[in-house]
Protein chains: 2
Amino acid sequence: MKKTSNYHHGNLKEELLNQALNIIQTQGIDAVTLQVLGNKLGTSRTAIYRHFSSKQDLLQNVIFFGFEKFEEKFSPIFQMKEKTVVERLYLVGIEYINFSIANPNLYRILFGEKFQEVRESNCDISEEENSEGFHALMKLLIEGEEAKLFNISNPMTQAQVIFSLCHGMASLYIDGHMNIKDNIKELYEVSFKTIINGLLVK
Amino acid sequence: MKKTSNYHHGNLKEELLNQALNIIQTQGIDAVTLQVLGNKLGTSRTAIYRHFSSKQDLLQNVIFFGFEKFEEKFSPIFQMKEKTVVERLYLVGIEYINFSIANPNLYRILFGEKFQEVRESNCDISEEENSEGFHALMKLLIEGEEAKLFNISNPMTQAQVIFSLCHGMASLYIDGHMNIKDNIKELYEVSFKTIINGLLVK
DNA sequence: ACCTGAACACCGTTCAAGT
DNA sequence: ACCTGAACACCGTTCAAGT
């Protein structure tokens, strides 16, 4: 049973990214091994080096790739023009928490320390600085302000406050801190009220 | 130049914890290697196994040990009875952010995924559930409520909101997300106002 | 009781060699 | 252009042996 060819005809790079992402989600980052990847794709463990300069390089690309999948979850919600600004804000937050709970291993590496290296090695992000989702959040806040609904001194700072709160809840949840796992629904509701209360024109 | 004895007379365990913590803070978790630890302490790299069942076990103890140092930063602030509740809340938050910025590598492992294993393998934390600092925060909120300053429906949930926001700011800062590094002072001020605004009796 | 040295199975990476 | 197999230096862990 010898294979006629060991070539992947140019799609090995994409398969590597897909498989690595898959292993991260199901078994966590430590389970991603060049040996395991090679076995899954039917190549030796050194085949990787044709497509990535190192394992680090591969993982950085996975993070970049994973972010796209992450961002995709939110754009439909931001675009629900039939919903009010407040409703969209609520739904985006819910989606954010749900994603992190459903994909803890992926979420951890997307927002982990390795991200800094990704940004440094990629000019697009480095220049743009803000992610698509962060930008959309700012735009939503500005939309609320222009409708005389919100009172915001600095939309970027306000978006950072909201993002910090969401990231904090998600991280503490998935890593098992402060009993948050048992109280996430109420925590989200109180968090949302606190944020909205700080935004609304009185 | 042969040593008269390779014995550490019972303090090797403590030295291992100290050195591991030191390496984590200065070089990060990946730099903690049994070989490096052995070299620093003048033992072979297998000497560790007299005192810990595995490297994992050692790291869990480092996390436990590190949390004590972390918590110590806050108790003096919580106990400043000459300061108002709001002032103490402000200072605790500042201290929290400052610590995480000053000790990013340590902060990351204290609140990382490994913590769950520490809690599971340690009945004290598992039963108590809440850390000392979290408890002190809840008590501070209740003190504000009893003074008719704050209006709080559930002190635990409210403490979780505050903790999530602080953890989110700290994490996003040290891992280089959303431009927070360039805006941390304003971000903290706006965050604090938002939280206080949600707490104060109107 | 405490530590060592050799051995084991793994890891990422390099490189000459094969098609 | 793309992949392999052997080799290298590392890693955590086990274990018989030394004091």
# chains A, B, ... in the order shown; residues from 1 in each chain; ligands from 1
$ residues_around --residues "Leu41 (chain B)" --least-positions-apart "5" --cutoff "9 Å" --atoms "only C-alpha atoms (C1' of nucleotides)" --output "short mmCIF file (atom, residue, chain, number, x, y, z; two decimals) with C-alpha atoms, in the first residue's frame"
data_model
loop_
_atom_site.label_atom_id
_atom_site.label_comp_id
_atom_site.auth_asym_id
_atom_site.auth_seq_id
_atom_site.Cartn_x
_atom_site.Cartn_y
_atom_site.Cartn_z
CA LEU B 12 15.87 22.91 48.80
CA GLU B 15 14.73 27.51 47.20
CA LEU B 16 13.14 25.71 44.25
CA GLN B 19 14.09 30.38 42.03
CA VAL B 36 18.24 25.54 34.75
#
$ interface_residues --of "chain C" --to "chain B" --cutoff "9 Å" --atoms "only C-alpha atoms (C1' of nucleotides)" --output "mmCIF file with C-alpha atoms (C1' of nucleotides), in the first residue's frame"
data_model
loop_
_atom_site.group_PDB
_atom_site.id
_atom_site.type_symbol
_atom_site.label_atom_id
_atom_site.label_comp_id
_atom_site.auth_asym_id
_atom_site.auth_seq_id
_atom_site.Cartn_x
_atom_site.Cartn_y
_atom_site.Cartn_z
ATOM 1 C "C1'" DC C 2 18.680 12.955 49.950
ATOM 2 C "C1'" DC C 3 21.038 13.250 45.645
ATOM 3 C "C1'" DT C 4 23.334 11.492 41.176
#
$ select_by_dssp --residues "chain B" --states "helix (DSSP H, G or I)" --output "compact mmCIF listing (two decimals) with C-alpha atoms, in the first residue's frame"
# COMPACT_ATOMS: atom_id res chain seq x y z
CA LEU B 12 15.87 22.91 48.80
CA LYS B 13 12.10 22.86 48.42
CA GLU B 14 11.78 26.53 49.36
CA GLU B 15 14.73 27.51 47.20
CA LEU B 16 13.14 25.71 44.25
CA LEU B 17 9.96 27.72 44.68
CA ASN B 18 11.87 30.98 45.02
CA GLN B 19 14.09 30.38 42.03
CA ALA B 20 11.21 29.21 39.85
CA LEU B 21 9.21 32.32 40.78
CA ASN B 22 12.25 34.46 40.08
CA ILE B 23 12.79 32.95 36.62
CA ILE B 24 9.11 33.33 35.78
CA GLN B 25 9.18 37.02 36.65
CA THR B 26 12.39 37.81 34.80
CA GLN B 27 12.25 35.47 31.81
CA ILE B 29 7.36 30.51 32.28
CA ASP B 30 9.08 28.82 29.32
CA ALA B 31 12.49 29.59 30.79
CA LEU B 34 14.60 21.49 35.48
CA GLN B 35 18.13 21.78 34.12
CA VAL B 36 18.24 25.54 34.75
CA LEU B 37 16.78 25.12 38.22
CA GLY B 38 19.34 22.44 39.02
CA ASN B 39 22.19 24.64 37.82
CA LYS B 40 21.02 27.60 39.88
CA LEU B 41 20.79 25.51 43.02
CA ALA B 47 16.87 16.38 42.60
CA ILE B 48 13.51 18.12 42.25
CA TYR B 49 11.69 14.81 42.39
CA ARG B 50 12.51 14.44 46.09
CA LYS B 55 7.40 19.86 37.23
CA GLN B 56 3.65 20.50 37.01
CA ASP B 57 3.41 20.00 40.77
CA LEU B 58 6.25 22.47 41.34
CA LEU B 59 4.59 25.09 39.15
CA GLN B 60 1.28 24.67 40.92
CA ASN B 61 3.04 25.35 44.20
CA VAL B 62 4.70 28.42 42.66
CA ILE B 63 1.28 29.72 41.66
CA PHE B 64 -0.03 29.12 45.17
CA PHE B 65 3.06 30.83 46.60
CA GLY B 66 2.80 33.69 44.10
CA PHE B 67 -0.80 34.37 45.04
CA GLU B 68 0.21 35.03 48.61
CA LYS B 69 2.68 37.68 47.48
CA PHE B 70 0.00 39.10 45.22
CA GLU B 71 -2.66 39.29 47.93
CA GLU B 72 -0.23 40.94 50.35
CA SER B 75 -4.58 44.09 52.41
CA PRO B 76 -2.88 47.32 53.60
CA ILE B 77 -5.03 49.33 51.20
CA PHE B 78 -8.26 47.62 52.20
CA VAL B 85 -14.73 53.50 50.72
CA VAL B 86 -14.51 55.15 47.31
CA GLU B 87 -10.89 56.17 47.86
CA ARG B 88 -9.91 52.66 48.91
CA LEU B 89 -11.67 51.20 45.87
CA TYR B 90 -9.73 53.57 43.65
CA LEU B 91 -6.37 52.75 45.23
CA VAL B 92 -6.93 48.99 45.15
CA GLY B 93 -7.63 49.19 41.43
CA ILE B 94 -4.53 51.28 40.80
CA GLU B 95 -2.42 48.82 42.77
CA TYR B 96 -3.91 45.93 40.80
CA ILE B 97 -3.06 47.46 37.44
CA ASN B 98 0.40 48.52 38.62
CA PHE B 99 1.21 45.03 39.85
CA SER B 100 0.18 43.38 36.61
CA ILE B 101 2.21 45.87 34.57
CA ALA B 102 5.25 45.41 36.81
CA PRO B 104 3.41 40.54 33.55
CA ASN B 105 4.89 37.03 33.47
CA LEU B 106 3.83 36.29 37.02
CA TYR B 107 0.40 37.83 36.52
CA ARG B 108 -0.19 35.66 33.47
CA ILE B 109 0.42 32.41 35.28
CA LEU B 110 -1.45 33.48 38.43
CA PHE B 115 -4.86 27.86 38.22
CA GLN B 116 -7.77 25.50 37.85
CA GLU B 117 -5.49 22.55 38.59
CA VAL B 118 -4.11 24.33 41.64
CA ARG B 119 -7.59 24.84 42.99
CA GLU B 120 -8.60 21.27 42.30
CA CYS B 123 -9.00 21.84 49.29
CA ASP B 124 -8.53 25.15 51.08
CA ILE B 125 -9.02 27.23 47.97
CA SER B 126 -11.53 24.82 46.55
CA GLU B 127 -13.78 25.17 49.59
CA GLU B 128 -13.24 28.81 50.31
CA GLU B 132 -8.65 36.84 50.08
CA GLY B 133 -8.62 39.88 47.83
CA PHE B 134 -11.96 39.05 46.31
CA HIS B 135 -13.42 38.63 49.77
CA ALA B 136 -11.97 41.97 50.88
CA LEU B 137 -13.48 43.62 47.82
CA MET B 138 -16.90 42.22 48.65
CA LYS B 139 -16.57 43.42 52.23
CA LEU B 140 -15.66 46.90 51.02
CA LEU B 141 -18.76 46.99 48.82
CA ILE B 142 -20.93 45.87 51.71
CA GLU B 143 -19.35 48.56 53.91
CA GLY B 144 -20.34 51.13 51.30
CA GLU B 145 -23.84 49.74 51.19
CA GLU B 146 -24.26 49.82 54.96
CA PRO B 155 -22.30 42.17 46.39
CA MET B 156 -20.71 39.03 44.91
CA THR B 157 -21.92 39.81 41.41
CA GLN B 158 -20.86 43.42 41.80
CA ALA B 159 -17.40 42.35 42.94
CA GLN B 160 -17.19 40.04 39.93
CA VAL B 161 -18.00 42.97 37.63
CA ILE B 162 -15.20 45.05 39.14
CA PHE B 163 -12.77 42.14 39.09
CA SER B 164 -13.59 41.33 35.48
CA LEU B 165 -12.98 44.89 34.41
CA CYS B 166 -9.64 45.08 36.25
CA HIS B 167 -8.51 41.70 34.98
CA GLY B 168 -9.54 42.62 31.46
CA MET B 169 -7.60 45.89 31.52
CA ALA B 170 -4.53 44.22 33.01
CA SER B 171 -4.58 41.28 30.58
CA LEU B 172 -5.17 43.34 27.47
CA TYR B 173 -2.44 45.74 28.57
CA ILE B 174 0.27 43.16 29.17
CA ILE B 180 -4.50 49.94 25.76
CA LYS B 181 -0.82 50.40 26.55
CA ASP B 182 -0.99 53.96 25.24
CA ILE B 184 -4.13 53.02 30.39
CA LYS B 185 -4.44 56.11 32.62
CA GLU B 186 -7.52 57.48 30.91
CA LEU B 187 -8.96 53.98 30.56
CA TYR B 188 -8.64 53.43 34.30
CA GLU B 189 -10.24 56.78 35.13
CA VAL B 190 -13.22 56.19 32.84
CA SER B 191 -13.58 52.61 34.11
CA PHE B 192 -13.55 53.78 37.70
CA LYS B 193 -16.16 56.47 37.05
CA THR B 194 -18.37 53.95 35.26
CA ILE B 195 -18.19 51.51 38.17
CA ILE B 196 -18.74 54.15 40.85
CA ASN B 197 -21.59 55.68 38.89
CA GLY B 198 -23.26 52.28 38.89
CA LEU B 199 -22.79 51.88 42.63
$ closest_residue --among "B:Lys73, B:Lys114, B:Lys148, B:Lys202" --to "chain A" --atoms "only C-alpha atoms"
B:Lys114
$ residues_around --residues "DC8 (chain C)" --least-positions-apart "5" --cutoff "12 Å" --atoms "only C-alpha atoms (C1' of nucleotides)" --output "MDAnalysis selection string"
chainID D and resid 11:15
$ closest_residue --among "B:Lys83, B:Phe74, B:Phe52, B:Phe111" --to "Met178 (chain A)" --atoms "only C-alpha atoms"
B:Phe111
$ atom_distance --atom1 "C1' of DC10 (chain D)" --atom2 "CA of Ser121 (chain A)"
26.5 Å
